[in-house]
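Colleague: File name structure-v3.cif; file contents mmCIF, C-alpha atoms; full text below.
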data_coords
loop_
_atom_site.label_atom_id
_atom_site.label_comp_id
_atom_site.auth_asym_id
_atom_site.auth_seq_id
_atom_site.Cartn_x
_atom_site.Cartn_y
_atom_site.Cartn_z
CA MET P 227 109.69 59.57 104.08
CA ASP P 228 111.35 57.51 101.37
CA PRO P 229 114.06 59.13 99.30
CA LEU P 230 112.97 60.22 95.83
CA ILE P 231 115.90 58.37 94.27
CA GLN P 232 117.64 55.26 95.56
CA ALA P 233 120.51 53.84 93.56
CA GLN P 234 122.55 50.82 94.57
CA GLY P 235 125.48 49.40 92.62
CA LEU P 236 124.52 50.99 89.30
CA ARG P 237 126.59 49.83 86.36
CA VAL P 238 126.31 50.79 82.70
CA ARG P 239 128.61 49.41 80.04
CA TYR P 240 128.90 50.43 76.42
CA GLY P 241 130.89 47.59 74.89
CA ARG P 242 134.21 47.56 76.72
CA LYS P 243 133.75 50.99 78.25
CA THR P 244 132.24 51.19 81.70
CA ALA P 245 130.30 54.44 81.76
CA LEU P 246 128.99 53.99 85.32
CA ASP P 247 130.82 51.81 87.80
CA ASP P 248 129.19 50.72 91.07
CA VAL P 249 127.34 53.98 91.71
CA SER P 250 125.25 54.16 94.89
CA PHE P 251 123.47 57.17 96.33
CA SER P 252 120.08 58.44 97.47
CA VAL P 253 118.29 61.76 97.00
CA PRO P 254 115.73 62.88 99.61
CA LYS P 255 112.94 65.33 98.92
CA GLY P 256 113.49 69.08 99.01
CA ARG P 257 117.05 69.00 97.67
CA VAL P 258 119.01 70.69 94.91
CA VAL P 259 121.58 68.10 93.90
CA GLY P 260 124.53 69.03 91.72
CA LEU P 261 125.88 66.28 89.50
CA LEU P 262 129.45 67.25 88.72
CA GLY P 263 132.05 65.64 86.52
CA HIS P 264 134.24 66.16 83.49
CA ASN P 265 133.00 65.38 79.99
CA GLY P 266 132.63 61.64 79.69
CA ALA P 267 132.51 61.10 83.45
CA GLY P 268 129.07 59.54 83.20
CA LYS P 269 126.68 62.39 84.09
CA THR P 270 124.42 62.04 81.05
CA THR P 271 124.52 58.24 81.31
CA LEU P 272 123.37 58.45 84.92
CA MET P 273 120.57 60.84 84.05
CA LYS P 274 119.40 58.65 81.20
CA ALA P 275 119.31 55.69 83.55
CA LEU P 276 117.30 57.70 86.08
CA VAL P 277 114.66 58.64 83.53
CA GLY P 278 114.51 55.15 82.04
CA LEU P 279 116.05 55.91 78.66
CA ILE P 280 118.74 53.27 79.13
CA GLU P 281 119.07 50.07 81.12
CA ALA P 282 121.38 49.88 84.12
CA GLU P 283 122.57 46.95 86.19
CA GLY P 284 122.07 47.20 89.92
CA ARG P 285 119.10 48.53 91.85
CA LEU P 286 117.43 51.77 90.89
CA ASN P 287 114.29 53.18 92.38
CA VAL P 288 112.99 56.58 91.28
CA LEU P 289 109.85 57.89 93.00
CA GLY P 290 109.20 54.32 94.06
CA LEU P 291 109.23 53.06 90.47
CA ASN P 292 111.53 51.11 88.17
CA PRO P 293 112.50 53.73 85.57
CA ARG P 294 112.89 51.26 82.74
CA ARG P 295 109.81 49.12 83.34
CA GLN P 296 107.49 51.81 84.67
CA ARG P 297 108.68 54.68 82.51
CA VAL P 298 105.30 56.02 81.47
CA GLN P 299 104.09 56.17 85.05
CA LEU P 300 107.40 57.70 86.17
CA LEU P 301 107.18 60.49 83.62
CA GLU P 302 103.94 61.70 85.16
CA SER P 303 105.86 62.86 88.20
CA LEU P 304 109.31 63.49 86.76
CA ALA P 305 110.33 66.19 84.32
CA TYR P 306 113.53 65.93 82.30
CA ILE P 307 115.35 68.53 80.24
CA PRO P 308 118.11 66.80 78.26
CA ASP P 309 121.30 68.51 77.13
CA VAL P 310 120.21 68.77 73.52
CA ALA P 311 117.61 71.16 72.22
CA ILE P 312 114.33 69.36 71.77
CA LEU P 313 111.69 72.05 71.52
CA PRO P 314 110.46 72.15 67.91
CA GLY P 315 111.52 75.35 66.14
CA TRP P 316 108.20 75.87 64.33
CA ALA P 317 106.13 75.93 67.53
CA THR P 318 105.05 79.01 69.42
CA ALA P 319 105.05 79.08 73.20
CA ALA P 320 101.24 78.96 73.13
CA GLN P 321 101.30 75.87 70.93
CA LEU P 322 103.76 74.14 73.24
CA ILE P 323 101.51 74.90 76.19
CA GLU P 324 98.58 73.41 74.29
CA LEU P 325 100.70 70.38 73.35
CA MET P 326 101.79 69.77 76.93
CA SER P 327 98.21 70.14 78.15
CA GLY P 328 97.16 67.35 75.85
CA LEU P 329 100.15 65.14 76.59
CA HIS P 330 100.79 65.48 80.27
CA PRO P 331 98.22 64.71 82.98
CA LYS P 332 99.89 66.88 85.60
CA PHE P 333 100.65 69.89 83.44
CA SER P 334 98.89 73.14 84.28
CA ALA P 335 98.49 75.55 81.35
CA GLU P 336 97.55 78.31 83.77
CA ARG P 337 100.77 77.88 85.72
CA ALA P 338 102.82 77.70 82.53
CA ARG P 339 101.37 81.02 81.38
CA THR P 340 102.09 82.56 84.79
CA LEU P 341 105.67 81.29 84.70
CA LEU P 342 106.11 82.51 81.15
CA ARG P 343 105.13 86.01 82.21
CA ARG P 344 108.28 86.28 84.32
CA THR P 345 110.41 85.59 81.26
CA SER P 346 110.99 87.74 78.18
CA VAL P 347 109.19 85.15 76.03
CA ALA P 348 105.71 86.03 74.78
CA VAL P 349 103.10 83.32 74.11
CA GLY P 350 103.16 84.14 70.40
CA ASP P 351 106.94 83.80 70.00
CA LYS P 352 108.23 80.94 67.88
CA VAL P 353 111.00 78.80 69.33
CA LYS P 354 113.22 79.28 66.26
CA ASN P 355 113.20 83.05 66.78
CA LEU P 356 114.28 82.88 70.40
CA SER P 357 117.80 83.21 71.72
CA LYS P 358 119.38 80.26 73.48
CA GLY P 359 118.74 81.81 76.88
CA MET P 360 115.08 82.42 76.08
CA VAL P 361 114.60 78.85 74.86
CA VAL P 362 115.94 77.52 78.15
CA GLN P 363 113.67 79.86 80.11
CA LEU P 364 110.69 78.74 78.06
CA HIS P 365 111.60 75.11 78.58
CA LEU P 366 111.94 75.60 82.32
CA ALA P 367 108.59 77.43 82.47
CA LEU P 368 106.96 74.47 80.71
CA VAL P 369 108.47 71.77 82.93
CA ALA P 370 107.99 73.75 86.14
CA ALA P 371 104.28 73.84 85.28
CA ILE P 372 104.21 70.07 85.66
CA ASP P 373 103.25 69.02 89.15
CA ALA P 374 106.30 66.79 89.28
CA LYS P 375 108.29 65.65 92.29
CA LEU P 376 111.64 65.44 90.53
CA LEU P 377 113.29 67.62 87.94
CA VAL P 378 116.30 66.27 86.06
CA LEU P 379 118.28 68.91 84.20
CA ASP P 380 121.25 67.98 82.02
CA GLU P 381 123.54 71.02 81.70
CA PRO P 382 120.66 73.46 81.33
CA THR P 383 122.83 76.58 81.31
CA LEU P 384 125.43 75.44 78.78
CA GLY P 385 126.21 78.23 76.36
CA LEU P 386 124.08 80.81 78.12
CA ASP P 387 125.26 84.29 79.00
CA VAL P 388 125.46 85.25 82.63
CA LEU P 389 122.14 87.15 82.73
CA SER P 390 120.27 84.18 81.30
CA ARG P 391 121.94 81.87 83.78
CA LYS P 392 120.97 84.18 86.63
CA ALA P 393 117.35 84.34 85.43
CA PHE P 394 117.31 80.56 85.18
CA TYR P 395 118.56 80.06 88.72
CA GLU P 396 116.09 82.63 90.05
CA MET P 397 113.17 80.88 88.38
CA LEU P 398 114.37 77.54 89.66
CA ILE P 399 114.56 78.75 93.25
CA ASP P 400 111.33 80.73 93.12
CA GLU P 401 109.14 78.29 91.29
CA TRP P 402 110.54 74.87 92.07
CA CYS P 403 112.18 74.73 95.48
CA ASP P 404 109.27 74.29 97.86
CA GLY P 405 110.90 71.80 100.20
CA GLU P 406 108.97 68.84 98.81
CA ARG P 407 110.38 68.55 95.31
CA SER P 408 113.96 67.87 94.33
CA VAL P 409 116.06 68.78 91.35
CA LEU P 410 119.12 67.04 89.97
CA ILE P 411 121.22 69.38 87.87
CA SER P 412 124.41 68.51 86.03
CA THR P 413 126.71 71.37 85.19
CA HIS P 414 130.23 72.54 84.50
CA GLN P 415 129.69 75.83 86.25
CA VAL P 416 130.82 74.45 89.59
CA GLU P 417 131.71 77.77 91.15
CA GLU P 418 128.51 79.47 90.12
CA VAL P 419 126.15 76.74 91.15
CA GLU P 420 127.77 75.89 94.49
CA ALA P 421 125.62 78.29 96.47
CA LEU P 422 122.41 76.86 95.01
CA LEU P 423 123.13 73.26 95.89
CA SER P 424 122.15 71.37 99.00
CA ASP P 425 123.94 68.19 97.94
CA VAL P 426 126.63 67.16 95.51
CA LEU P 427 127.34 63.99 93.54
CA MET P 428 130.75 63.98 91.93
CA LEU P 429 131.58 61.51 89.16
CA ASN P 430 135.06 60.69 87.92
CA GLU P 431 135.36 58.25 85.02
CA GLY P 432 132.17 56.45 85.94
CA LYS P 433 132.84 56.22 89.65
CA LEU P 434 131.13 58.26 92.35
CA VAL P 435 134.01 59.94 94.16
CA LEU P 436 131.91 62.15 96.41
CA ALA P 437 128.30 62.08 97.59
CA ILE P 438 127.71 64.55 100.39
CA PRO P 439 125.37 67.29 101.57
CA LEU P 440 127.13 70.64 101.21
CA ALA P 441 126.51 71.41 104.86
CA ASP P 442 128.69 68.40 105.80
CA ILE P 443 131.66 69.37 103.65
CA GLU P 444 133.29 71.46 106.36
CA GLN P 445 133.04 68.62 108.84
CA ARG P 446 134.75 66.16 106.54
CA PHE P 447 137.28 68.31 104.68
CA THR P 448 139.72 70.85 106.06
CA ALA P 449 141.11 73.76 104.09
CA LEU P 450 144.05 75.56 105.63
CA GLY P 451 145.31 78.90 104.41
CA HIS P 452 148.97 79.35 105.10
CA ASP P 453 152.00 81.43 104.21
CA ALA P 454 155.13 80.33 102.37
CA ALA P 455 156.95 79.34 105.56
CA ALA P 456 154.46 76.57 106.28
CA ALA P 457 154.49 75.20 102.73
CA ASP P 458 156.81 72.26 103.38
CA ALA P 459 154.96 71.17 106.50
CA MET P 460 151.68 71.31 104.61
CA ALA P 461 153.03 69.24 101.74
CA ALA P 462 154.40 66.63 104.14
CA ALA P 463 150.94 66.09 105.61
CA HIS P 464 149.68 64.78 102.23
CA PRO P 465 146.88 67.16 101.33
CA LEU P 466 144.41 66.26 98.58
CA LEU P 467 145.26 69.48 96.84
CA ARG P 468 147.42 72.54 97.20
CA TYR P 469 146.19 75.74 95.63
CA ARG P 470 146.38 79.50 95.73
CA VAL P 471 143.89 81.75 97.46
CA GLN P 472 143.74 85.49 97.81
CA GLY P 473 146.70 86.44 99.92
CA GLY P 474 148.60 83.19 99.87
CA SER P 475 148.44 79.43 99.58
CA ALA P 476 146.10 76.79 100.87
CA ALA P 477 146.01 73.05 101.38
CA LEU P 478 142.92 70.85 101.28
CA PHE P 479 142.73 67.72 103.45
CA ASP P 480 140.25 64.86 103.63
CA GLY P 481 139.67 64.78 107.38
CA THR P 482 141.68 66.81 109.87
CA PRO P 483 145.44 67.12 109.55
CA PRO P 484 147.57 66.56 112.66
CA PRO P 485 147.21 69.42 115.21
CA GLU P 486 150.77 70.66 114.72
CA VAL P 487 150.05 71.12 111.01
CA ALA P 488 146.62 72.65 111.62
CA ALA P 489 148.21 75.20 113.93
CA LEU P 490 150.37 76.49 111.08
CA GLY P 491 147.41 77.60 109.02
CA GLN P 492 144.06 79.32 109.22
CA ARG P 493 140.85 77.42 108.55
CA LEU P 494 139.13 78.37 105.32
CA ARG P 495 135.91 77.24 103.72
CA PRO P 496 136.67 74.25 101.45
CA SER P 497 135.09 75.26 98.17
CA LEU P 498 133.35 72.93 95.77
CA VAL P 499 135.65 73.98 92.93
CA ASP P 500 138.72 72.95 94.89
CA LEU P 501 137.13 69.66 95.88
CA PHE P 502 136.25 69.09 92.25
CA VAL P 503 139.82 69.69 91.11
CA ALA P 504 141.16 67.54 93.94
CA LEU P 505 138.90 64.55 93.39
CA THR P 506 138.53 64.39 89.62
CA ARG P 507 141.10 64.19 86.89
CA GLN P 508 140.92 64.72 83.18
CA PRO P 509 141.09 61.28 81.50
CA GLU P 510 144.07 62.46 79.40
CA ILE P 511 146.13 62.96 82.53
CA ASN P 512 145.54 59.37 83.58
CA ARG P 513 146.52 58.10 80.16
CA THR P 514 149.82 59.95 80.00
CA GLN P 515 150.66 58.62 83.45
CA GLY P 516 150.12 55.10 82.19
CA LEU P 517 147.23 54.42 84.54
CA MET H 72 126.15 87.25 90.57
CA GLN H 73 126.96 87.35 94.27
CA THR H 74 130.36 86.05 95.18
CA TRP H 75 131.01 84.35 98.45
CA ASP H 76 134.49 84.44 99.89
CA HIS H 77 136.48 81.44 101.07
CA GLN H 78 136.81 82.46 104.68
CA LEU H 79 133.50 81.75 106.36
CA PRO H 80 130.69 79.32 105.60
CA ILE H 81 128.24 80.80 103.12
CA TYR H 82 125.37 80.86 105.62
CA GLN H 83 127.50 82.95 107.96
CA GLN H 84 128.38 85.36 105.15
CA LEU H 85 124.68 85.78 104.39
CA ALA H 86 123.92 86.32 108.07
CA ASP H 87 126.61 89.02 108.14
CA ARG H 88 125.18 90.70 105.04
CA LEU H 89 121.68 90.70 106.49
CA ALA H 90 123.05 92.11 109.74
CA ALA H 91 124.72 94.88 107.71
CA ARG H 92 121.41 95.66 106.01
CA LEU H 93 119.83 95.83 109.42
CA LEU H 94 122.47 98.26 110.66
CA ASP H 95 121.99 100.38 107.56
CA GLY H 96 118.29 100.58 108.29
CA GLU H 97 117.27 98.62 105.18
CA LEU H 98 115.60 96.04 107.38
CA THR H 99 113.34 97.64 109.93
CA GLU H 100 112.86 96.58 113.53
CA GLY H 101 109.45 95.15 114.23
CA GLU H 102 108.94 94.43 110.56
CA PRO H 103 108.81 90.95 109.00
CA MET H 104 111.98 89.56 107.52
CA PRO H 105 111.83 88.74 103.80
CA SER H 106 110.74 85.15 103.33
CA VAL H 107 113.29 82.34 102.97
CA ARG H 108 112.19 81.98 99.37
CA ALA H 109 112.58 85.69 98.62
CA LEU H 110 116.05 85.76 100.15
CA ALA H 111 117.05 82.56 98.36
CA SER H 112 115.96 84.09 95.07
CA ARG H 113 117.63 87.42 95.70
CA TYR H 114 120.98 85.99 96.77
CA LEU H 115 120.75 82.89 94.54
CA LEU H 116 121.22 80.55 97.46
CA ASN H 117 119.73 77.24 98.41
CA PRO H 118 116.77 77.82 100.76
CA LEU H 119 118.43 75.53 103.32
CA THR H 120 121.40 77.88 103.47
CA VAL H 121 119.07 80.84 103.96
CA SER H 122 117.30 79.03 106.80
CA ARG H 123 120.63 78.36 108.44
CA ALA H 124 121.57 82.05 108.17
CA LEU H 125 118.29 83.10 109.75
CA GLN H 126 118.90 80.58 112.50
CA ALA H 127 122.28 82.18 113.19
CA LEU H 128 120.68 85.63 113.39
CA ASP H 129 118.02 84.22 115.67
CA GLU H 130 120.68 82.75 117.93
CA ASP H 131 122.30 86.19 118.10
CA GLY H 132 119.02 87.55 119.41
CA LEU H 133 118.27 89.66 116.35
CA LEU H 134 115.09 87.95 115.21
CA GLU H 135 111.88 86.78 116.77
CA THR H 136 109.28 84.31 115.58
CA ARG H 137 105.70 85.42 115.99
CA ARG H 138 103.40 82.43 116.13
CA GLY H 139 101.38 82.15 112.92
CA LEU H 140 102.90 85.30 111.46
CA GLY H 141 106.52 84.52 110.66
CA ILE H 142 109.97 85.80 111.45
CA TYR H 143 110.37 89.43 112.46
CA VAL H 144 113.29 91.70 113.19
CA ARG H 145 113.46 91.97 116.94
CA PRO H 146 113.06 95.46 118.39
CA GLY H 147 116.42 96.61 119.68
CA ALA H 148 118.27 94.49 117.12
CA ARG H 149 120.06 97.46 115.61
CA ASP H 150 121.45 98.54 118.93
CA ARG H 151 122.54 95.00 119.76
CA LEU H 152 124.35 94.79 116.43
CA ARG H 153 125.98 98.16 116.78
CA GLN H 154 127.11 97.25 120.27
CA ALA H 155 128.53 93.91 119.11
CA ALA H 156 130.27 95.56 116.14
CA ARG H 157 131.73 98.20 118.45
CA GLU H 158 133.05 95.55 120.81
CA ARG H 159 134.61 93.63 117.94
CA PHE H 160 136.27 96.74 116.59
CA LEU H 161 137.60 97.83 119.95
CA HIS H 162 138.84 94.36 120.81
CA ASN H 163 140.10 93.01 117.52
CA GLU H 164 140.71 95.74 114.98
CA TRP H 165 141.59 98.81 117.04
CA PRO H 166 144.68 97.47 118.85
CA ALA H 167 146.38 96.57 115.57
CA LEU H 168 145.37 99.87 114.01
CA ARG H 169 146.55 101.84 117.03
CA ASP H 170 149.94 100.14 116.95
CA ARG H 171 150.25 100.99 113.29
CA LEU H 172 149.39 104.63 113.93
CA ARG H 173 152.03 104.77 116.65
CA ARG H 174 154.66 103.19 114.43
CA LEU H 175 153.91 105.72 111.72
CA GLY H 176 153.95 108.53 114.26
CA VAL H 177 150.42 109.61 113.39
CA THR H 178 149.04 111.96 116.03
CA ALA H 179 145.50 112.99 116.92
CA ASN H 180 146.00 116.24 114.96
CA ASP H 181 146.96 114.30 111.84
CA LEU H 182 143.75 112.32 112.09
CA LYS H 183 141.62 115.46 111.64
CA TRP H 184 138.95 113.85 113.76
CA GLU H 185 136.52 116.75 113.66
CA GLN H 186 136.11 116.70 109.89
#
How does the structure come out when it is put into structure tokens?
Modeller:
Amino acid sequence: MDPLIQAQGLRVRYGRKTALDDVSFSVPKGRVVGLLGHNGAGKTTLMKALVGLIEAEGRLNVLGLNPRRQRVQLLESLAYIPDVAILPGWATAAQLIELMSGLHPKFSAERARTLLRRTSVAVGDKVKNLSKGMVVQLHLALVAAIDAKLLVLDEPTLGLDVLSRKAFYEMLIDEWCDGERSVLISTHQVEEVEALLSDVLMLNEGKLVLAIPLADIEQRFTALGHDAAAADAMAAAHPLLRYRVQGGSAALFDGTPPPEVAALGQRLRPSLVDLFVALTRQPEINRTQGL
Amino acid sequence: MQTWDHQLPIYQQLADRLAARLLDGELTEGEPMPSVRALASRYLLNPLTVSRALQALDEDGLLETRRGLGIYVRPGARDRLRQAARERFLHNEWPALRDRLRRLGVTANDLKWEQ
């Protein structure tokens, strides 16, 4: 089966700034892909390219279509929630359902109403009277009622309290993840979302620094927990990152460190947060170092 | 939300938690396991991770697949688990604990075993 997304050598430039630089990856069906990166790393640019809102150099194939040239057709099978609020404040949930029914060929009003029932939003509620968390839940209920193959979510849980985030993730797992459809979700909540992801794409200043299924992380990276006595030996083996864990220190390596070093520590699970810290840098840090 | 520690892979931690629920009697022998989707939703995990956890439990002989019906808790699973947990305790945890008790001079009387 063809991947739902195939990107090869994507490049997006805004004047002199290169927002995406030679980005290549593919997304199969049935995946929850986390798009991670600092602000300005290129996450929103990538998502806009995927849904055809902007032009990108290179090869891009989404659901077998060219997002820019076949945008209308693509949007029948792809649902996108951008990072800015776009549901009109004056509308009630019922009106939005009616609107979507008229606009979208694969939208099911019945399913939307069913999905809405698991939220705290009533059909008669107006968007402007809803809390942030409820607006996101409503939005997700609407897009999940589209018989789409791909869901693209740009920081959907930004600014939400923990209960709203939990409800969002539950709805996503329950109502979207059927093994056939995929979702691409960009977020800052790396720690929280790690367990939901099947794959990760990590951007740093426009470049893709990591593209890997989560299940493969432990094969490629090694995290070693160690005590103070082994600290120098660990440092000498050039880890990607050294950090603290409960009960001591740890070192993260790309690949396996030499056996004599590995013997000094205890294997831990390399977490996505640590990988994120290790592989991405705040742009300010690079500037002050004259890079 | 659930937190997963940094020791073991997440699927293994889930398998351990499900095994604990089994030991506690929350999951009944001969009864169907909750679906992958239900578990994924409850623990906020990717369904692939849940499948991997169930596979681990299956490999430990705690589950059985009934053709056309789904995944069930294997009869005798609780005993198997208890036995395995006993072995682990006696082999791994007890020796260290016993040494500690000796060093502290704790006797059988001090332990008040009958209470």
Colleague: Looking at all atoms listed in the file, which of H:Arg157, H:Arg137, H:Ala148, H:Ala86 is the one that sits closest to Ser122 in chain H?
Modeller: H:Ala86
Colleague: Excluding same-chain residues fewer than 2 positions from Gly260 in chain P, what lies within 9 Å of it counting all atoms listed in the file, as a ChimeraX atom specification?
Modeller: /P:258,262,409-413,416,419-420,422-428
Colleague: Any idea what the distance is between CA of Ala319 in chain P and CA of Leu376 in chain P?
Modeller: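 So the two atoms, CA of Ala319 in chain P and CA of Leu376 in chain P, lie 23.0 Å apart.
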Colleague: Given the file shown, determine the residues that the PyMOL selection byres ((chain H and resi 132) around 12) selects; report them as a compact mmCIF listing (two decimals) with C-alpha atoms, in the coordinates of the input.
Modeller:
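For reference, out.txt as written:
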# COMPACT_ATOMS: atom_id res chain seq x y z
CA ALA H 90 123.05 92.11 109.74
CA LEU H 125 118.29 83.10 109.75
CA GLN H 126 118.90 80.58 112.50
CA ALA H 127 122.28 82.18 113.19
CA LEU H 128 120.68 85.63 113.39
CA ASP H 129 118.02 84.22 115.67
CA GLU H 130 120.68 82.75 117.93
CA ASP H 131 122.30 86.19 118.10
CA LEU H 133 118.27 89.66 116.35
CA LEU H 134 115.09 87.95 115.21
CA GLU H 135 111.88 86.78 116.77
CA THR H 136 109.28 84.31 115.58
CA TYR H 143 110.37 89.43 112.46
CA VAL H 144 113.29 91.70 113.19
CA ARG H 145 113.46 91.97 116.94
CA PRO H 146 113.06 95.46 118.39
CA GLY H 147 116.42 96.61 119.68
CA ALA H 148 118.27 94.49 117.12
CA ARG H 149 120.06 97.46 115.61
CA ASP H 150 121.45 98.54 118.93
CA ARG H 151 122.54 95.00 119.76
CA LEU H 152 124.35 94.79 116.43
CA ALA H 155 128.53 93.91 119.11
Colleague: Out of H:Asp181, H:Ala109, H:Thr120, H:Glu102, which residue has the shortest atom-to-atom distance to Ala421 in chain P when counting all atoms listed in the file?
Modeller: H:Thr120
Colleague: Once you add 3 Å to each side, what are the centre and edge lengths of the axis-aligned box holding all listed atoms of range 301-316 of chain P? One decimal in Å, as AutoDock Vina command-line options, if you can.
Modeller:
--center_x 112.6 --center_y 68.2 --center_z 76.3 --size_x 23.4 --size_y 21.4 --size_z 29.9
Colleague: What does the distance between CA of Asp76 in chain H and CA of Lys392 in chain P come to in Å, to one decimal place?
Modeller: 18.9 Å
Colleague: Enumerate, as a PDB file with C-alpha atoms, keeping the file's coordinate frame, the residues matched when the PyMOL selection byres ((chain P) within 9 of (chain H)) is run on the file above.
Modeller:
ATOM      1  CA  ARG P 257     117.050  69.000  97.670  1.00  0.00           C
ATOM      2  CA  VAL P 258     119.010  70.690  94.910  1.00  0.00           C
ATOM      3  CA  VAL P 388     125.460  85.250  82.630  1.00  0.00           C
ATOM      4  CA  LEU P 389     122.140  87.150  82.730  1.00  0.00           C
ATOM      5  CA  LYS P 392     120.970  84.180  86.630  1.00  0.00           C
ATOM      6  CA  TYR P 395     118.560  80.060  88.720  1.00  0.00           C
ATOM      7  CA  GLU P 396     116.090  82.630  90.050  1.00  0.00           C
ATOM      8  CA  MET P 397     113.170  80.880  88.380  1.00  0.00           C
ATOM      9  CA  LEU P 398     114.370  77.540  89.660  1.00  0.00           C
ATOM     10  CA  ILE P 399     114.560  78.750  93.250  1.00  0.00           C
ATOM     11  CA  ASP P 400     111.330  80.730  93.120  1.00  0.00           C
ATOM     12  CA  CYS P 403     112.180  74.730  95.480  1.00  0.00           C
ATOM     13  CA  ASP P 404     109.270  74.290  97.860  1.00  0.00           C
ATOM     14  CA  GLY P 405     110.900  71.800 100.200  1.00  0.00           C
ATOM     15  CA  GLU P 418     128.510  79.470  90.120  1.00  0.00           C
ATOM     16  CA  VAL P 419     126.150  76.740  91.150  1.00  0.00           C
ATOM     17  CA  GLU P 420     127.770  75.890  94.490  1.00  0.00           C
ATOM     18  CA  ALA P 421     125.620  78.290  96.470  1.00  0.00           C
ATOM     19  CA  LEU P 422     122.410  76.860  95.010  1.00  0.00           C
ATOM     20  CA  LEU P 423     123.130  73.260  95.890  1.00  0.00           C
ATOM     21  CA  SER P 424     122.150  71.370  99.000  1.00  0.00           C
ATOM     22  CA  ALA P 441     126.510  71.410 104.860  1.00  0.00           C
ATOM     23  CA  GLU P 444     133.290  71.460 106.360  1.00  0.00           C
ATOM     24  CA  VAL P 471     143.890  81.750  97.460  1.00  0.00           C
ATOM     25  CA  GLN P 472     143.740  85.490  97.810  1.00  0.00           C
ATOM     26  CA  ARG P 493     140.850  77.420 108.550  1.00  0.00           C
ATOM     27  CA  LEU P 494     139.130  78.370 105.320  1.00  0.00           C
ATOM     28  CA  ARG P 495     135.910  77.240 103.720  1.00  0.00           C
ATOM     29  CA  PRO P 496     136.670  74.250 101.450  1.00  0.00           C
ATOM     30  CA  SER P 497     135.090  75.260  98.170  1.00  0.00           C
TER      31      SER P 497
END
Colleague: For a cut-off of 8 Å around (109.1, 75.5, 75.5), file coordinates, pick out all residues using all atoms listed in the file and list them as a list in words.
Modeller: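 Output of the proximity query reads Leu313, Ala319, Leu322, Ile323, Val353, Val361, Val362, Gln363, Leu364, His365, Leu366, Ala367 and Leu368 of chain P.
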Colleague: Applying the PyMOL selection byres ((chain P and resi 436) around 10) to the file I just gave you, which residues come out? Please list them as a list in words.
Modeller: Phe251, Leu262, Val426, Leu427, Met428, Leu429, Asn430, Lys433, Leu434, Val435, Ala437, Ile438, Pro439, Leu501, Phe502, Leu505 and Thr506 of chain P
Colleague: Suppose you want the space between CA of Val378 in chain P and CA of Pro105 in chain H; what is it in Å?
Modeller: 29.0 Å
Colleague: For Leu276 in chain P, work out the shell of residues within 12 Å, counting only C-alpha atoms and skipping chain neighbours fewer than 5 positions away, then give it as a VMD selection string.
Modeller: chain P and resid 230 to 233 236 238 251 to 253 269 to 271 281 to 283 285 to 297 300 to 301 304 to 306 376 to 380 410
Colleague: Could you check which of P:Leu467, P:Val347, P:Leu356, P:Ala374 is closest to Pro331 in chain P, using all atoms listed in the file?
Modeller: P:Ala374
Colleague: Residues near Arg446 in chain P, anyone? I mean within 9 Å using all atoms listed in the file, not counting same-chain ones fewer than 5 positions away, as a list in words.
Modeller: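 With the cut-off at 9 Å, the set is Phe479, Asp480, Gly481 and Thr482 of chain P.
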Colleague: Of the candidates P:Ile372, P:Pro483, P:Leu498, P:Gly350, which shows the shortest atom-to-atom distance to Ser303 in chain P, using only C-alpha atoms?
Modeller: P:Ile372
